[in-house]
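**Q** Quick one: structure below, then a few questions.
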Amino acid sequence: MFPGQTELSKTGAYQVRLFVRGEPINVIVDDRFPSLNISAAEGYTENYPLVNDKASVAGAYWLVILEKAMAKLNVNYTGINGGQIGEAMRFMTGMPTNEFDSNTMTEDQLWTHVTNGFAKDYNMGAGCQVSHFNMISGHAYGFIGHATLSGGASDGQKLIKMRNPWGINKYTGPWSEKSALWTADYRKQAGGYETEDIGEFYIPIE
């Protein structure tokens, strides 16, 4: 996505490789990002914070640069205010995408799509249409894993591991980070799942 670039540019220029109708296109952007005209001196918590995406906690700016390239490709930032997961994946990979409506599928059908997708190393995600358990309506979440628990009271329970791209997790439903449903053994089966607020969480297939 950033061909030949592995660190911050000394000139402030970046080349971002995106795809339009499956064909690669290189978008050149600089490191001047829209920011709010506010400062800590005025009582705010940040000095001139970025309007849109921010650097990661580790100081990585790739997402901010990618966002600016997408905005340039779509005329301006308003042109990328919202959208579909498949559309974003198509821009970034050039590959065809499929969309499924979970409301029209049985749990077994949905689980088959999820597990087959992971077996083929597909990028997958889901959109939340109605806010529930502190998940955000109109927001996209990534699929990053799955687990089927064995033994105990929840033997056979199917779980999908999801990630909020904002890097925070406020999901409070069944099998949330601090849910009493988790046992030490179940957490081990789920890859050593801990109660760290890094945006990753499990939800039940049902």
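Every chain in the structure tokens has a letter given in the order shown (A, B, ...), and although residue numbers restart at 1 in each chain, ligands are simply numbered from 1 in the order shown.
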Write out as a PDB file with C-alpha atoms, in the first residue's frame each polymer residue whose atoms come within 10 Å of stretch 166-181 of chain A, counting only C-alpha atoms; drop sequence neighbours fewer than 3 positions from it.
**A**
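Resulting contents of result15.pdb:
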```pdb
ATOM      1  CA  ASP A  53      -8.119   9.977  12.080  1.00  0.00           C
ATOM      2  CA  LYS A  54      -5.279  10.259  14.566  1.00  0.00           C
ATOM      3  CA  SER A  56      -1.850   5.358  16.775  1.00  0.00           C
ATOM      4  CA  VAL A  57      -0.798   5.121  20.409  1.00  0.00           C
ATOM      5  CA  HIS A 132     -26.998  -2.584  21.035  1.00  0.00           C
ATOM      6  CA  PHE A 133     -24.711  -3.491  23.927  1.00  0.00           C
ATOM      7  CA  ASN A 134     -22.757  -0.286  23.241  1.00  0.00           C
ATOM      8  CA  MET A 135     -21.940  -1.284  19.676  1.00  0.00           C
ATOM      9  CA  ILE A 136     -22.311   1.705  17.369  1.00  0.00           C
ATOM     10  CA  ALA A 140     -17.792  -1.084  10.832  1.00  0.00           C
ATOM     11  CA  TYR A 141     -15.994  -3.808  12.773  1.00  0.00           C
ATOM     12  CA  ALA A 153     -21.781 -25.101  30.716  1.00  0.00           C
ATOM     13  CA  SER A 154     -21.178 -23.452  27.331  1.00  0.00           C
ATOM     14  CA  LEU A 159     -17.810 -17.001  19.066  1.00  0.00           C
ATOM     15  CA  MET A 162     -14.083  -8.698  16.357  1.00  0.00           C
ATOM     16  CA  ARG A 163     -12.092  -5.499  16.423  1.00  0.00           C
ATOM     17  CA  TYR A 186     -12.613 -20.741  28.064  1.00  0.00           C
ATOM     18  CA  ARG A 187     -10.223 -17.773  27.947  1.00  0.00           C
ATOM     19  CA  TYR A 193      -8.292 -13.721  25.840  1.00  0.00           C
ATOM     20  CA  GLU A 194      -7.712 -10.990  28.439  1.00  0.00           C
ATOM     21  CA  THR A 195      -9.620  -7.959  29.678  1.00  0.00           C
ATOM     22  CA  GLU A 196      -7.521  -5.397  27.836  1.00  0.00           C
ATOM     23  CA  ASP A 197      -9.304  -2.442  26.261  1.00  0.00           C
ATOM     24  CA  ILE A 198      -7.568  -2.596  22.868  1.00  0.00           C
ATOM     25  CA  GLY A 199     -10.689  -2.773  20.738  1.00  0.00           C
ATOM     26  CA  GLU A 200     -10.855  -6.569  20.464  1.00  0.00           C
ATOM     27  CA  PHE A 201     -13.785  -8.597  21.761  1.00  0.00           C
ATOM     28  CA  TYR A 202     -15.860 -11.729  21.190  1.00  0.00           C
ATOM     29  CA  ILE A 203     -19.552 -11.895  20.344  1.00  0.00           C
ATOM     30  CA  PRO A 204     -21.704 -15.042  20.181  1.00  0.00           C
TER      31      PRO A 204
END
```
**Q** Write down as a PyMOL selection string the residues belonging to chain A that are assigned alpha helix (DSSP H) by DSSP computed on the backbone.
**A** chain A and resi 62-73+85-93+107-119+184-189
**Q** Next, the residues of the selection above should be written as an mmCIF file, in the first residue's frame with C-alpha atoms.
**A**
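Full text of result.cif as output:
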```cif
data_model
loop_
_atom_site.group_PDB
_atom_site.id
_atom_site.type_symbol
_atom_site.label_atom_id
_atom_site.label_comp_id
_atom_site.auth_asym_id
_atom_site.auth_seq_id
_atom_site.Cartn_x
_atom_site.Cartn_y
_atom_site.Cartn_z
ATOM 1 C CA TRP A 62 -0.082 5.288 8.152
ATOM 2 C CA LEU A 63 -3.849 5.443 8.710
ATOM 3 C CA VAL A 64 -3.858 9.254 8.596
ATOM 4 C CA ILE A 65 -1.891 9.162 5.334
ATOM 5 C CA LEU A 66 -4.161 6.477 3.867
ATOM 6 C CA GLU A 67 -7.234 8.492 4.808
ATOM 7 C CA LYS A 68 -5.872 11.581 3.035
ATOM 8 C CA ALA A 69 -5.125 9.532 -0.106
ATOM 9 C CA MET A 70 -8.686 8.164 -0.065
ATOM 10 C CA ALA A 71 -10.041 11.703 0.381
ATOM 11 C CA LYS A 72 -7.997 12.935 -2.579
ATOM 12 C CA LEU A 73 -9.188 10.039 -4.735
ATOM 13 C CA ILE A 85 -16.834 -2.293 4.160
ATOM 14 C CA GLY A 86 -16.621 -4.051 0.800
ATOM 15 C CA GLU A 87 -16.100 -0.732 -0.957
ATOM 16 C CA ALA A 88 -13.145 0.128 1.286
ATOM 17 C CA MET A 89 -11.611 -3.334 0.848
ATOM 18 C CA ARG A 90 -11.967 -3.026 -2.925
ATOM 19 C CA PHE A 91 -10.129 0.315 -2.886
ATOM 20 C CA MET A 92 -7.302 -1.144 -0.802
ATOM 21 C CA THR A 93 -6.871 -4.575 -2.386
ATOM 22 C CA GLU A 107 -26.675 -19.345 12.486
ATOM 23 C CA ASP A 108 -25.133 -22.383 10.800
ATOM 24 C CA GLN A 109 -25.022 -20.636 7.419
ATOM 25 C CA LEU A 110 -23.391 -17.558 8.933
ATOM 26 C CA TRP A 111 -20.870 -19.664 10.837
ATOM 27 C CA THR A 112 -19.991 -21.539 7.635
ATOM 28 C CA HIS A 113 -19.317 -18.247 5.835
ATOM 29 C CA VAL A 114 -17.151 -17.020 8.703
ATOM 30 C CA THR A 115 -15.075 -20.179 9.126
ATOM 31 C CA ASN A 116 -14.653 -20.681 5.372
ATOM 32 C CA GLY A 117 -13.520 -17.076 5.060
ATOM 33 C CA PHE A 118 -10.866 -17.498 7.728
ATOM 34 C CA ALA A 119 -9.727 -20.783 6.176
ATOM 35 C CA ALA A 184 -10.117 -19.511 32.850
ATOM 36 C CA ASP A 185 -10.345 -22.515 30.541
ATOM 37 C CA TYR A 186 -12.613 -20.741 28.064
ATOM 38 C CA ARG A 187 -10.223 -17.773 27.947
ATOM 39 C CA LYS A 188 -7.393 -20.196 27.202
ATOM 40 C CA GLN A 189 -9.409 -21.818 24.420
#
```
**Q** When you look at stretch 137-139 of chain A with a cut-off of 12 Å (counting only C-alpha atoms), what residues show up, excluding the ones that are within fewer than 6 positions of it in the same chain? I need them as an MDAnalysis selection string.
**A** chainID A and resid 81:85 125:131 163:166
**Q** Using DSSP on the backbone, list every residue of stretch 23-122 of chain A that comes out as strand (DSSP E), and give them as a list of chain:residue names.
**A**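 The strand (DSSP E) subset of stretch 23-122 of chain A is A:Glu23, A:Pro24, A:Ile25, A:Asn26, A:Val27, A:Ile28, A:Val29, A:Asp30.
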**Q** What's the separation between atom CA of A:Gly191 and atom CA of A:Ala60, in Å to one decimal place?
**A** 26.2 Å
**Q** Mind checking which residues fall within 12 Å of A:Ser9, counting only C-alpha atoms, ignoring those fewer than 3 positions away in the same chain, and posting them as a ChimeraX atom specification?
**A** /A:2,4-6,12-15,29-31,61-62,65
**Q** With N, CA and C atoms retained, could you export that selection as a PDB file, in the first residue's frame?
**A**
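Saved as part-v9.pdb:
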```
ATOM      1  N   PHE A   2       2.046   1.172   0.591  1.00  0.00           N
ATOM      2  CA  PHE A   2       3.005   2.279   0.588  1.00  0.00           C
ATOM      3  C   PHE A   2       4.303   1.773  -0.053  1.00  0.00           C
ATOM      4  N   GLY A   4       7.758   0.881  -1.295  1.00  0.00           N
ATOM      5  CA  GLY A   4       9.101   1.412  -1.079  1.00  0.00           C
ATOM      6  C   GLY A   4       9.238   2.360   0.090  1.00  0.00           C
ATOM      7  N   GLN A   5       8.205   2.460   0.940  1.00  0.00           N
ATOM      8  CA  GLN A   5       8.236   3.404   2.060  1.00  0.00           C
ATOM      9  C   GLN A   5       8.070   2.645   3.364  1.00  0.00           C
ATOM     10  N   THR A   6       9.028   2.762   4.235  1.00  0.00           N
ATOM     11  CA  THR A   6       8.996   2.032   5.496  1.00  0.00           C
ATOM     12  C   THR A   6       9.091   2.952   6.711  1.00  0.00           C
ATOM     13  N   GLY A  12       8.037  14.919   3.391  1.00  0.00           N
ATOM     14  CA  GLY A  12       6.616  15.094   3.679  1.00  0.00           C
ATOM     15  C   GLY A  12       5.704  14.593   2.585  1.00  0.00           C
ATOM     16  N   ALA A  13       6.243  13.875   1.596  1.00  0.00           N
ATOM     17  CA  ALA A  13       5.441  13.350   0.493  1.00  0.00           C
ATOM     18  C   ALA A  13       5.341  11.830   0.591  1.00  0.00           C
ATOM     19  N   TYR A  14       4.163  11.305   0.254  1.00  0.00           N
ATOM     20  CA  TYR A  14       3.931   9.863   0.327  1.00  0.00           C
ATOM     21  C   TYR A  14       3.190   9.385  -0.915  1.00  0.00           C
ATOM     22  N   GLN A  15       3.534   8.179  -1.336  1.00  0.00           N
ATOM     23  CA  GLN A  15       2.825   7.523  -2.428  1.00  0.00           C
ATOM     24  C   GLN A  15       1.984   6.400  -1.842  1.00  0.00           C
ATOM     25  N   VAL A  29       0.307  12.223  -1.770  1.00  0.00           N
ATOM     26  CA  VAL A  29      -0.205  13.177  -0.778  1.00  0.00           C
ATOM     27  C   VAL A  29       0.954  13.713   0.056  1.00  0.00           C
ATOM     28  N   ASP A  30       0.711  14.850   0.715  1.00  0.00           N
ATOM     29  CA  ASP A  30       1.716  15.385   1.632  1.00  0.00           C
ATOM     30  C   ASP A  30       1.278  15.146   3.066  1.00  0.00           C
ATOM     31  N   ASP A  31       2.063  15.633   4.011  1.00  0.00           N
ATOM     32  CA  ASP A  31       1.763  15.384   5.420  1.00  0.00           C
ATOM     33  C   ASP A  31       1.113  16.585   6.103  1.00  0.00           C
ATOM     34  N   TYR A  61       1.537   6.807  11.692  1.00  0.00           N
ATOM     35  CA  TYR A  61       0.694   7.742  10.943  1.00  0.00           C
ATOM     36  C   TYR A  61       0.137   7.149   9.650  1.00  0.00           C
ATOM     37  N   TRP A  62       0.322   5.844   9.438  1.00  0.00           N
ATOM     38  CA  TRP A  62      -0.082   5.288   8.152  1.00  0.00           C
ATOM     39  C   TRP A  62      -1.575   5.450   7.882  1.00  0.00           C
ATOM     40  N   ILE A  65      -2.348   8.986   6.714  1.00  0.00           N
ATOM     41  CA  ILE A  65      -1.891   9.162   5.334  1.00  0.00           C
ATOM     42  C   ILE A  65      -2.830   8.458   4.361  1.00  0.00           C
TER      43      ILE A  65
END
```
**Q** Between A:Ala190, A:Leu50, A:Met124, A:Val75, which has the minimum distance to A:Asn98 (counting only C-alpha atoms)?
**A** A:Met124
